[in-house]
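Down below is the structure, laid out as structure tokens.
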Amino acid sequence: MFIEPLLMSDAHLSHIEKVKQASDALRGSISEGLADEITGSISEDDKALVKFHGMYLQDDRDRREERAEKKLERLYSFMIRLRLPGGFLTADQWLATQNIAGEHATGVIKITTRQTVQLHGLYKSHVKPTIQAFNQASLYSLATCGDINRNVIAAAHPRQSPIHQEIHDFSYKIDQLLLPKTKAYYEIWLDDEKIADKKDEEDPLYQDRYLPRKFKIAIAIPPNNDVDVFGNDLGLIAVIEKGKLQGYNISIGGGLSSTHGNPATYPRLGTVIGFVSGEENILKTIYEVVTIQRDYGNRSDRSLARLKYTVDKMGVDWFKTEIARRTGFVLEKERPFLFTERKDYYGWFQNSDSLWYYTPFIENGRVTDDEKVAMKTALYEIAETRKLNFRFTANQNVILADIQSEDKAAIEKILQKYNIEAYTQSISSIRRNSMACVALSTCPLAFAEAQRYLPSLLSKIEPLLDKYHLQQEDIILRMTGCPNGCARSYIAEIGFIGTSLGKYNLQLGGDHAGMRLNKVFKESLDEDAILQELDVLFAAFAKEKKAGESLGDFALRKQWV
Amino acid sequence: MNPEKKKQIRDFIDSLDKQEQIWANGYLEGLLQEGSPMPNLPAKPLGENKKITIAYGTESGNSKKIANLFASRAKQEGIHAKLVSLDQYRLADLPKEEYFLTVISTQGEGEPPASAKKFYDHIHQNGFKLPKLKYGVLALGDTSYPMFCKAGEDVDHQLGHLGGERIVDIQRCDVDFEQEASTWMNDVLQKLSGSKVDNLAPVKTTKKPGGKKIYQGEILTNINLNDRGSSKQTHHIEIGCEEVFYKPGDSLGLVPFNPTVTVEDIIALTGIDQERTFVHRNDTYTAYELLHKKLNIVYLPERVVAKYAVHVEQEIPAVKTGLLDLLKKYPVKDAAHFEVFLQQLEPTTPRLYSIASSLESLDGEVHLTVAKDAYTLEEELKYGLCSDHLCSLKAGDKIEFYIHHNDQFRLPQDDQDVIMIGPGTGIAPFRAFLSERESAGAAGRNWLFYGDQHFTTDFLYQTELQQWLESGVLSMLDVAFSRDQAEKIYVQHKIKSRANEFIQWLQNGAFLYVCGAKKMSEDVEKTILDLIEKSGAGLNPTAYLDELKSNGRYLKDVY
Ligand SMILES: Cc1cc2nc3c(=O)[nH]c(=O)nc-3n(C[C@H](O)[C@H](O)[C@H](O)COP(=O)(O)OP(=O)(O)OC[C@H]3O[C@@H](n4cnc5c(N)ncnc54)[C@H](O)[C@@H]3O)c2cc1C
Ligand SMILES: Cc1cc2nc3c(=O)[nH]c(=O)nc-3n(C[C@H](O)[C@H](O)[C@H](O)COP(=O)(O)O)c2cc1C
Ligand code: SF4
């Protein structure tokens with residue numbers, strides 16, 4: 001059955017759709033906006049367009065009232081995010097990033113939940129120098145935000161499999177396949193000549209519409225689901241037999257955001273629709289899933305525009321048929337797979353090639369020096385040895401990677417000098433397994449605090465676990481400032497989703513491996529109420545749990561949710 | 001005085017540098033206590049149809065107003081009067097003058113107005129004689145300043161020194177100058193015509209103290225406009241006062257009180273009875289009131305330090321310093337000894353702040369933009385007396401002030417274009433201008449140049465300017481933030497980068513205003529001269545600017 005793509009009349013298109021189409025391949029009036037010295041902001045339409053160049057315009061919400069009184073506009077600044085498929089940086093690139101952060105941004109490098117890093121607090125006049133400096137280090141921010149394929153993520157830790165490198169190489173191929181063709185990025189930020197012939201940037205994939213919404217791709221290597229593959233629009237699950245990569249199971253329609261008060265929106269885990277092998281066919285399949293979303297995704301209501309709604313609207317069977325129609329082949333039946341965990345491997349490990357890896361604990365992915373640990377200084381010094389690479393995880397951590405045996409001692413020495421190993425070991429199990437999104441004060445959507453608050457909340461939860469001797473449990477806890485779920489709070493065993501300042505929905509029942517969404521247990525709790533509820537939950541868990549049972553499974557079995 | 005003695009004094013004075021001369025001047029004054037007035041030669045009556053020159057030096061337009069009035073009255077008497085502003089006056093003409101009447105105000109710390117500076121310096125060169133000159137001086141000033149009518153006195157003295165003949169005594173006028181000025185004019189005209197001239201204005205015999213209208217206001221809002229992290233503190237202060245009247249371009253004046261701790265320390269140290277009363281400028285005050293509200297005790301000028309040195313019979317370096325420091329280092333004998341010196345102290349100088357609001361858009365309010373003046377003294381951070389006080393006021397606090405009118409800094413007709421250059425607190429009067437023009441729906445275009453240190457923390461009135469830009473009240477806004485990049489960028493650089501449009505606006509008849517720091521105004525002027533030079537229109541830069549000045553199209557209010 002072939003359904004004609006919905007060719008919508010202009011009247012039904014959302015404003016952003018019109019902005020994209022009229023943008024002259026994402027140029028808009030960004031250059032003019034940069035030259036405007038009267039404001040630190042840019043025009044509304046350009047705000048939508050700079051996302052495609054890897055930036056969000058934000059403002060410090062804590063400062064709004066005070067600045068307004070001072071007759072100053074909001075304290076606008078840009079957040080910039082890098083394009084790092086599989087989350088890989090050389091030591092030199094890490095040094096460059098730290099230098100740029102110090103010179104142009106807040107000095108803090110934020111490791112995201114999608115294996116990349118972002119810098120916050122860049123004033124408008126600093127954006128261009130920043131992008132140019134990144135360019136010097138062969139780093140780009142193009143297409144890391146916006147309605148387009150975002151940073152492709154892949155199983156982080158090389159110890160997971162001998163085919164780890166092969167899979168990482170493949171993440172680059174996907175990245176290149178789905179890059180936009182526009183030259184706007186090079187013209188605006190890197191002062192390249194204006195292109196003479198518009199044909200040079202013709203874009204058969206994105207055309208002038210781009211996608212209806214953001215598009216996320218992840219590659220997982222079972223049994224560790226560290227990338228939360230089912231939270232992605234398109235998920236690839238590596239199928240390895242006899243030490244060889246056979247191909248991938250394909251999952252579509254994952255997405256973890258919803259909107260408060262809009263029942264038509266919901267978090268959804270991806271649906272596995274089959275197996276595909278052979279590089280050409282795999283890439284073809286990926287490409288056509290994107291074109292189907294381009295053609296059938298909702299372009300009038302952005303809250304219903306992710307692939308998950310397209311899948312549910314058109315039906316999984318229709319979707320499979322349409323992929324086959326476009327690729328010219330039918331997907332094979334899915335191969336069996338098993339996920340058992342979702343975590344980062346802290347500490348020292350060696351991979352199959354005898355290279356060494358060390359993962360320190362970095363709270364909320366913020367690389368900075370604070371009273372607890374001088375992580376920023378330590379990582380800089382380590383990078384200066386140039387005897388390693390940096391690999392980011394999807395849980396906001398960094399792996400000091402690819403260290404030769406003979407170099408290990410030198411790195412260890414620096415780790416010891418800054419007390420990193422002891423610090424990492426001292427971190428409780430629950431803290432290691434926790435994540436929080438950016439939220440206040442820069443995220444414009446945040447209803448409540450997340451990364452600034454979670455550390456202190458954890459300090460109150462830890463004693464409760466101690467009280468019931470549960471401190472060894474690997475409990476996955478995540479907090480987001482709004483239902484958008486950037487830190488994937490909907491697939492945590494304990495999820496907190498901000499509803500208003502100081503209030504959170506408490507979600508329970510997610511599993512260990514990220515195969516199951518959690519559910520609302522209690523709504524809009526303040527800190528006291530949260531601690532009370534957890535106290536009761538932990539007491540019951542300690543008393544009644546079966547051997548090996550996780551907190552999420554327990555909560556479900558006992559019908560807490 | 002015999003010539004021999006005179007020469008000795010002359011030689012001695014010539015051996016001193018400028019600072020030493022100032023010091024010696026105060027020293028002598030201190031010794032003499034009372035200045036002996038110069039004998040006045042009676043001028044003989046003169047015939048009619050004389051040619052006279054009336055030259056004025058003004059900052060805020062009062063002297064010009066009087067000079068105008070004087071010229072028209074002279075004409076009524078059949079006297080041919082040439083009226084000229086001192087900055088337009090050809091200095092080479094001076095020796096040829098017969099009757100030369102000067103109306104001049106005093107500015108700064110006893111200085112002539114900027115427009116009279118060239119003339120003032122010229123007559124102080126001494127290298128020539130004016131034997132033909134018959135002259136008279138009307139000096140405008142304000143008794144609340146320590147150096148009352150100093151510039152006028154200097155001119156009067158110096159013209160005599162150069163050999164001129166004084167036909168009438170100098171008349172010193174306070175801010176309510178109309179009557180005294182009128183009397184002086186009558187005297188002059190009488191001397192010239194040889195007959196009695198009708199008194200146009202009633203002459204009062206007793207002088208009433210200070211003719212300023214003092215307003216009582218209440219602080220409505222006081223906010224620091226600079227954001228956290230700025231090295232500056234610039235307060236936007238809104239003062240409520242139902243009856244206040246002013247025009248954009250005017251300033252608010254007030255006399256700051258001295259810190260009570262300093263006053264109490266002085267009282268304790270000297271043992272003076274704080275309730276004891278003294279007469280100061282025709283009013284009676286207790287010692288406490290004098291020290292707290294009237295006299296400059298925090299930062300004495302060299303001349304006062306010199307008087308103190310005489311009083312305590314000590315060697316004291318001639319540098320500005322506070323009274324408390326002097327008392328500590330060079331103590332007075334007893335309370336009585338101090339009481340004598342108390343009466344030699346000078347009044348606290350009034351401080352002026354450009355008004356940043358317009359009654360047309362907001363009745364009953366005065367807004368100010370006050371920079372908290374910071375300086376370091378012996379490595380300690382200190383704040384200016386008046387600005388610190390203003391910045392610390394809270395909503396509801398009361399404040400006493402007057403309006404300093406400035407007719408030399410007014411908006412043109414509604415349909416004229418205006419270029420405003422006002423970095424830092426220089427923006428204040430332009431906020432008033434823009435409010436006024438917005439309320440009036442003025443058709444003329446408005447172009448503002450603004451600058452400060454940092455965009456994010458120091459963009460004074462940013463949101464208001466953005467709204468004016470959006471609504472079209474501001475046609476153009478150029479900003480320079482000096483410390484946001486490696487090289488310093490100031491307003492003059494912005495003017496330069498807009499050279500063509502800038503010259504075009506001027507050629508189209510735009511009025512040019514500059515407000516803020518004196519140094520800035522000099523740099524800006526240099527740049528503008530340079531632009532005119534390079535404009536390719538074959539203009540003579542100085543002549544062009546002079547022309548603008550004399551047409552009232554180039555106006556400055558700088559401090
Ligand atoms: C026409 C006009 C308009 C003006 N408009 C504005 C305006 O709009 N906004 C504005 O902010 N200002 C304006 N000013 C300047 C203002 O009038 C004051 O001069 C300014 O606020 C400083 O006064 P103050 O009493 O705070 O500082 P003061 O106490 O007078 O100190 C000034 C300086 O004197 C020195 N000093 C003072 N005491 C001592 C001491 N004990 N030891 C050593 N050094 C010392 C320091 O260098 C100090 O910086 C204007 C001035 C004029 C003439
Ligand atoms: C900044 C400033 C400084 C002044 N200093 C003195 C002074 O030292 N002595 C004085 O007698 N008057 C002083 N005055 C008062 C003026 O001379 C007085 O306002 C006069 O009327 C101004 O005349 P004009 O408008 O012709 O300039 C000062 C005024 C200002 C604004
Ligand atoms: S989850 Fe919500 S609050 Fe947190 S970063 Fe994402 S959009 Fe912002």
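Labels for the structure tokens follow display order: chains A, B, ..., residues from 1 in each chain, ligands from 1.
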
Exercise for the section: Please write out the residues within 7 Å of ligand 2 as a PyMOL selection string, counting only C-alpha atoms and all ligand atoms. Expected result: chain B and resi 57-64+104-111+113+140-143+145-150+175+352+404+406

Residues from last step as file, N, CA, C and O atoms, as a compact mmCIF listing (two decimals), in the first residue's frame:
```txt
# COMPACT_ATOMS: atom_id res chain seq x y z
N GLY B 57 31.52 86.23 27.88
CA GLY B 57 32.05 84.87 28.01
C GLY B 57 31.06 84.09 28.84
O GLY B 57 30.82 84.40 29.99
N THR B 58 30.46 83.08 28.21
CA THR B 58 29.37 82.38 28.90
C THR B 58 29.53 80.88 28.77
O THR B 58 30.16 80.37 27.86
N GLU B 59 28.95 80.18 29.73
CA GLU B 59 28.91 78.72 29.66
C GLU B 59 27.46 78.28 29.49
O GLU B 59 27.15 77.45 28.67
N SER B 60 26.60 78.88 30.29
CA SER B 60 25.20 78.44 30.27
C SER B 60 24.25 79.53 29.80
O SER B 60 23.05 79.43 29.96
N GLY B 61 24.78 80.58 29.22
CA GLY B 61 23.92 81.54 28.53
C GLY B 61 23.53 82.79 29.31
O GLY B 61 22.98 83.74 28.74
N ASN B 62 23.82 82.84 30.61
CA ASN B 62 23.40 84.01 31.41
C ASN B 62 24.13 85.28 30.97
O ASN B 62 23.50 86.33 30.76
N SER B 63 25.42 85.18 30.81
CA SER B 63 26.21 86.35 30.42
C SER B 63 25.80 86.84 29.04
O SER B 63 25.75 88.04 28.78
N LYS B 64 25.47 85.91 28.19
CA LYS B 64 25.04 86.26 26.84
C LYS B 64 23.72 87.04 26.91
O LYS B 64 23.53 88.05 26.23
N ILE B 104 31.21 88.41 32.02
CA ILE B 104 31.85 87.09 32.05
C ILE B 104 31.50 86.34 33.33
O ILE B 104 31.46 86.90 34.41
N SER B 105 31.23 85.06 33.15
CA SER B 105 30.92 84.23 34.33
C SER B 105 32.17 83.48 34.77
O SER B 105 33.19 83.49 34.11
N THR B 106 32.05 82.82 35.90
CA THR B 106 33.13 82.00 36.41
C THR B 106 32.69 80.54 36.41
O THR B 106 31.54 80.24 36.73
N GLN B 107 33.61 79.67 36.04
CA GLN B 107 33.30 78.24 35.94
C GLN B 107 34.37 77.45 36.67
O GLN B 107 35.33 78.02 37.17
N GLY B 108 34.20 76.13 36.64
CA GLY B 108 35.22 75.25 37.23
C GLY B 108 35.59 75.69 38.63
O GLY B 108 34.74 76.01 39.43
N GLU B 109 36.88 75.70 38.92
CA GLU B 109 37.33 76.23 40.20
C GLU B 109 37.86 77.62 39.99
O GLU B 109 39.07 77.84 39.96
N GLY B 110 36.95 78.55 39.78
CA GLY B 110 37.36 79.93 39.57
C GLY B 110 37.94 80.20 38.20
O GLY B 110 38.74 81.12 38.03
N GLU B 111 37.57 79.38 37.21
CA GLU B 111 38.11 79.56 35.87
C GLU B 111 37.12 80.31 34.97
O GLU B 111 35.94 80.35 35.27
N PRO B 113 34.83 80.72 31.53
CA PRO B 113 34.11 79.75 30.69
C PRO B 113 35.02 79.32 29.54
O PRO B 113 35.92 80.08 29.15
N LEU B 140 29.68 87.49 36.49
CA LEU B 140 28.60 86.62 36.96
C LEU B 140 29.21 85.44 37.72
O LEU B 140 30.26 84.93 37.34
N GLY B 141 28.51 85.06 38.75
CA GLY B 141 29.02 83.95 39.54
C GLY B 141 27.96 83.45 40.49
O GLY B 141 26.76 83.68 40.29
N ASP B 142 28.43 82.77 41.50
CA ASP B 142 27.50 82.12 42.42
C ASP B 142 28.21 82.10 43.77
O ASP B 142 29.31 81.53 43.88
N THR B 143 27.60 82.75 44.77
CA THR B 143 28.27 82.86 46.06
C THR B 143 28.44 81.51 46.74
O THR B 143 29.17 81.39 47.71
N TYR B 145 29.93 79.11 45.46
CA TYR B 145 31.26 78.61 45.09
C TYR B 145 32.33 79.39 45.86
O TYR B 145 32.18 80.58 46.10
N PRO B 146 33.42 78.70 46.19
CA PRO B 146 34.47 79.38 46.96
C PRO B 146 35.09 80.57 46.22
O PRO B 146 35.34 81.60 46.83
N MET B 147 35.32 80.43 44.94
CA MET B 147 36.00 81.50 44.21
C MET B 147 34.96 82.37 43.49
O MET B 147 34.88 82.36 42.27
N PHE B 148 34.22 83.10 44.30
CA PHE B 148 33.11 83.86 43.76
C PHE B 148 33.58 84.88 42.72
O PHE B 148 34.44 85.73 43.00
N CYS B 149 33.06 84.80 41.51
CA CYS B 149 33.32 85.75 40.43
C CYS B 149 34.81 85.93 40.12
O CYS B 149 35.24 87.00 39.69
N LYS B 150 35.58 84.89 40.33
CA LYS B 150 37.02 84.99 40.20
C LYS B 150 37.46 85.38 38.78
O LYS B 150 38.34 86.23 38.60
N VAL B 175 23.60 84.45 41.61
CA VAL B 175 22.71 83.83 40.62
C VAL B 175 21.46 84.65 40.31
O VAL B 175 20.90 84.54 39.23
N LEU B 352 27.07 69.39 40.19
CA LEU B 352 26.02 69.40 39.18
C LEU B 352 25.88 68.02 38.56
O LEU B 352 26.85 67.30 38.39
N HIS B 404 20.21 74.13 37.75
CA HIS B 404 21.19 74.98 37.08
C HIS B 404 20.78 75.02 35.60
O HIS B 404 20.91 74.03 34.89
N ASN B 406 20.76 75.88 31.71
CA ASN B 406 21.82 75.99 30.71
C ASN B 406 21.21 76.24 29.33
O ASN B 406 20.86 75.31 28.61
```

Surrounding residues as a short mmCIF file (atom, residue, chain, number, x, y, z; two decimals) with all heavy atoms, in the first residue's frame, ligand 1, max 6 Å, only C-alpha atoms and all ligand atoms:
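Output (pocket07.cif):
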```
data_model
loop_
_atom_site.label_atom_id
_atom_site.label_comp_id
_atom_site.auth_asym_id
_atom_site.auth_seq_id
_atom_site.Cartn_x
_atom_site.Cartn_y
_atom_site.Cartn_z
N VAL B 298 36.60 68.30 53.67
CA VAL B 298 37.16 67.00 53.29
C VAL B 298 38.37 67.10 52.38
O VAL B 298 39.22 66.22 52.36
CB VAL B 298 36.09 66.09 52.62
CG1 VAL B 298 35.08 65.63 53.63
CG2 VAL B 298 35.43 66.79 51.46
N TYR B 299 38.44 68.18 51.59
CA TYR B 299 39.51 68.23 50.60
C TYR B 299 39.85 69.69 50.34
O TYR B 299 39.39 70.29 49.39
CB TYR B 299 39.03 67.53 49.33
CG TYR B 299 40.12 67.11 48.39
CD1 TYR B 299 41.30 66.54 48.85
CD2 TYR B 299 39.95 67.24 47.02
CE1 TYR B 299 42.29 66.14 47.97
CE2 TYR B 299 40.93 66.83 46.12
CZ TYR B 299 42.11 66.28 46.61
OH TYR B 299 43.07 65.87 45.73
N THR B 321 44.42 68.63 50.90
CA THR B 321 44.29 67.61 51.94
C THR B 321 43.04 67.88 52.78
O THR B 321 42.40 68.91 52.62
CB THR B 321 45.56 67.54 52.81
OG1 THR B 321 45.41 66.52 53.77
CG2 THR B 321 45.81 68.83 53.54
N GLY B 322 42.71 66.93 53.65
CA GLY B 322 41.52 67.08 54.48
C GLY B 322 41.84 67.86 55.76
O GLY B 322 42.97 67.81 56.26
N ARG B 351 27.69 70.50 43.48
CA ARG B 351 27.96 69.52 42.43
C ARG B 351 26.78 69.53 41.47
O ARG B 351 25.64 69.66 41.88
CB ARG B 351 28.09 68.10 43.01
CG ARG B 351 29.07 67.97 44.17
CD ARG B 351 30.50 68.20 43.76
NE ARG B 351 31.44 67.56 44.68
CZ ARG B 351 31.95 68.13 45.77
NH1 ARG B 351 31.62 69.38 46.09
NH2 ARG B 351 32.80 67.48 46.54
N LEU B 352 27.07 69.39 40.19
CA LEU B 352 26.02 69.40 39.18
C LEU B 352 25.88 68.02 38.56
O LEU B 352 26.85 67.30 38.39
CB LEU B 352 26.36 70.41 38.08
CG LEU B 352 26.39 71.87 38.50
CD1 LEU B 352 26.70 72.73 37.29
CD2 LEU B 352 25.07 72.29 39.10
N TYR B 353 24.64 67.68 38.19
CA TYR B 353 24.36 66.43 37.48
C TYR B 353 23.38 66.70 36.36
O TYR B 353 22.31 67.26 36.60
CB TYR B 353 23.83 65.36 38.46
CG TYR B 353 24.89 65.03 39.48
CD1 TYR B 353 24.95 65.73 40.70
CD2 TYR B 353 25.86 64.09 39.22
CE1 TYR B 353 25.97 65.49 41.62
CE2 TYR B 353 26.88 63.83 40.13
CZ TYR B 353 26.93 64.53 41.33
OH TYR B 353 27.94 64.29 42.22
N SER B 354 23.77 66.34 35.17
CA SER B 354 22.90 66.55 34.01
C SER B 354 21.56 65.86 34.24
O SER B 354 21.53 64.71 34.69
CB SER B 354 23.53 65.97 32.75
OG SER B 354 24.82 66.46 32.58
N THR B 369 21.82 60.51 36.19
CA THR B 369 22.70 59.37 35.92
C THR B 369 24.01 59.67 36.63
O THR B 369 24.81 60.47 36.15
CB THR B 369 22.96 59.25 34.41
OG1 THR B 369 21.71 59.42 33.72
CG2 THR B 369 23.57 57.91 34.06
N VAL B 370 24.20 59.07 37.78
CA VAL B 370 25.32 59.47 38.63
C VAL B 370 26.37 58.37 38.70
O VAL B 370 26.08 57.25 39.13
CB VAL B 370 24.83 59.79 40.06
CG1 VAL B 370 26.01 60.17 40.95
CG2 VAL B 370 23.80 60.90 40.03
N ALA B 371 27.56 58.69 38.28
CA ALA B 371 28.66 57.74 38.39
C ALA B 371 29.27 57.88 39.78
O ALA B 371 29.63 58.98 40.19
CB ALA B 371 29.71 58.02 37.33
N ASP B 373 31.96 58.19 41.95
CA ASP B 373 33.35 58.58 41.69
C ASP B 373 34.28 57.82 42.63
O ASP B 373 34.14 57.93 43.85
CB ASP B 373 33.43 60.09 41.92
CG ASP B 373 34.80 60.65 41.60
OD1 ASP B 373 35.70 60.54 42.45
OD2 ASP B 373 34.95 61.19 40.50
N ALA B 374 35.20 57.06 42.08
CA ALA B 374 36.09 56.25 42.93
C ALA B 374 37.53 56.71 42.76
O ALA B 374 37.95 57.03 41.66
CB ALA B 374 35.96 54.78 42.59
N TYR B 375 38.26 56.77 43.84
CA TYR B 375 39.68 57.07 43.74
C TYR B 375 40.41 56.36 44.88
O TYR B 375 39.78 55.89 45.81
CB TYR B 375 39.93 58.59 43.81
CG TYR B 375 39.47 59.25 45.09
CD1 TYR B 375 40.34 59.47 46.15
CD2 TYR B 375 38.15 59.67 45.23
CE1 TYR B 375 39.92 60.07 47.33
CE2 TYR B 375 37.72 60.29 46.40
CZ TYR B 375 38.60 60.49 47.44
OH TYR B 375 38.17 61.09 48.59
N LEU B 377 43.29 56.50 47.86
CA LEU B 377 44.08 57.39 48.69
C LEU B 377 44.90 56.50 49.62
O LEU B 377 44.33 55.71 50.38
CB LEU B 377 43.14 58.30 49.50
CG LEU B 377 43.80 59.42 50.28
CD1 LEU B 377 44.49 60.40 49.35
CD2 LEU B 377 42.76 60.16 51.12
N GLY B 384 33.84 59.62 45.93
CA GLY B 384 33.56 61.04 45.90
C GLY B 384 32.43 61.40 46.86
O GLY B 384 31.49 60.63 47.05
N LEU B 385 32.55 62.57 47.45
CA LEU B 385 31.63 62.98 48.50
C LEU B 385 30.18 62.97 48.05
O LEU B 385 29.31 62.36 48.67
CB LEU B 385 32.03 64.38 48.97
CG LEU B 385 31.24 64.98 50.11
CD1 LEU B 385 31.39 64.15 51.37
CD2 LEU B 385 31.68 66.42 50.37
N CYS B 386 29.91 63.65 46.96
CA CYS B 386 28.52 63.85 46.56
C CYS B 386 27.96 62.63 45.84
O CYS B 386 26.85 62.17 46.13
CB CYS B 386 28.42 65.07 45.65
SG CYS B 386 26.74 65.58 45.36
N SER B 387 28.74 62.08 44.92
CA SER B 387 28.23 60.94 44.16
C SER B 387 28.01 59.74 45.08
O SER B 387 27.03 59.02 44.94
CB SER B 387 29.19 60.59 43.02
OG SER B 387 30.49 60.40 43.50
N ASP B 388 28.88 59.56 46.05
CA ASP B 388 28.71 58.46 47.00
C ASP B 388 27.42 58.64 47.78
O ASP B 388 26.63 57.71 47.95
CB ASP B 388 29.91 58.42 47.95
CG ASP B 388 29.90 57.18 48.83
OD1 ASP B 388 29.27 56.18 48.42
OD2 ASP B 388 30.50 57.21 49.92
N THR B 425 28.41 58.74 31.58
CA THR B 425 27.30 59.54 32.09
C THR B 425 26.93 60.66 31.13
O THR B 425 25.91 61.31 31.31
CB THR B 425 27.63 60.17 33.46
OG1 THR B 425 28.87 60.88 33.34
CG2 THR B 425 27.75 59.12 34.54
N ALA B 428 23.33 61.11 29.89
CA ALA B 428 22.21 61.64 30.67
C ALA B 428 21.36 62.69 29.94
O ALA B 428 20.16 62.50 29.79
CB ALA B 428 22.72 62.18 32.01
N ASP B 557 28.60 70.11 26.70
CA ASP B 557 28.42 70.21 28.14
C ASP B 557 29.36 69.18 28.73
O ASP B 557 29.03 68.00 28.83
CB ASP B 557 26.96 69.92 28.52
CG ASP B 557 26.66 70.36 29.93
OD1 ASP B 557 27.44 71.16 30.49
OD2 ASP B 557 25.64 69.93 30.51
N TYR B 559 32.64 68.02 31.53
CA TYR B 559 33.11 68.24 32.89
C TYR B 559 34.28 67.33 33.23
O TYR B 559 34.59 66.44 32.45
CB TYR B 559 31.97 68.02 33.89
CG TYR B 559 31.09 66.83 33.60
CD1 TYR B 559 31.40 65.56 34.07
CD2 TYR B 559 29.93 66.98 32.82
CE1 TYR B 559 30.58 64.49 33.80
CE2 TYR B 559 29.11 65.91 32.54
CZ TYR B 559 29.43 64.66 33.03
OH TYR B 559 28.63 63.58 32.76
#
```

Exercise for the section: Taking the chain letters and numbering used in this document, name the residues of region 152-359 of chain B that DSSP puts in alpha helix (DSSP H), as a PyMOL selection string. Expected result: chain B and resi 152-161+178-193+260-270+287-289+302-312+323-329+335-342

Exercise for the section: For chain A, list the residues within 6 Å of chain B, counting only C-alpha atoms, and write the list as a ChimeraX atom specification. Expected result: /A:70-73

Exercise for the section: Using only C-alpha atoms and all ligand atoms, find each protein or nucleic acid residue lying at most 10 Å from ligand 3; present the set as a PyMOL selection string. Expected result: chain A and resi 256-259+436-451+479-489+497-499

Completion exercise
A straight line from CA of Glu527 (chain A) to CA of Leu457 (chain A) spans 7.8 Å

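CA of Arg61 (chain A) lies 9.5 Å from CA of Tyr76 (chain A).
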
Practice task
Would you mind listing what lies within 6 Å of region 408-422 of chain B as number ranges by chain, with only C-alpha atoms counted and same-chain residues fewer than 6 positions away left out?
Solution key: B: 60-61, 249, 442-450, 510-516

Exercise for the section: Could you tell me how far CA of Asp344 (chain A) lies from CA of Asn395 (chain A), in Å and to one decimal? Expected result: 7.1 Å

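Minimum atom-to-atom distance to Trp318 (chain A), evaluated using only C-alpha atoms, belongs to A:Ile273 out of A:Ile273, A:Arg342, A:Val290, A:Gly231.
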
Handout entry: region 68-73 of chain B environment, 12 Å, only C-alpha atoms, sequence neighbours closer than 3 positions dropped, as a ChimeraX atom specification
Key = /B:51-56,61-65,76-85,101-103,138,178,181-190,197-200

Exercise for the section: May I have the residues within 12 Å of Glu165 (chain B) as a ChimeraX atom specification, using only C-alpha atoms and disregarding those fewer than 3 positions away in the same chain? Expected result: /B:40-44,97-101,129-137,156-162,168-169
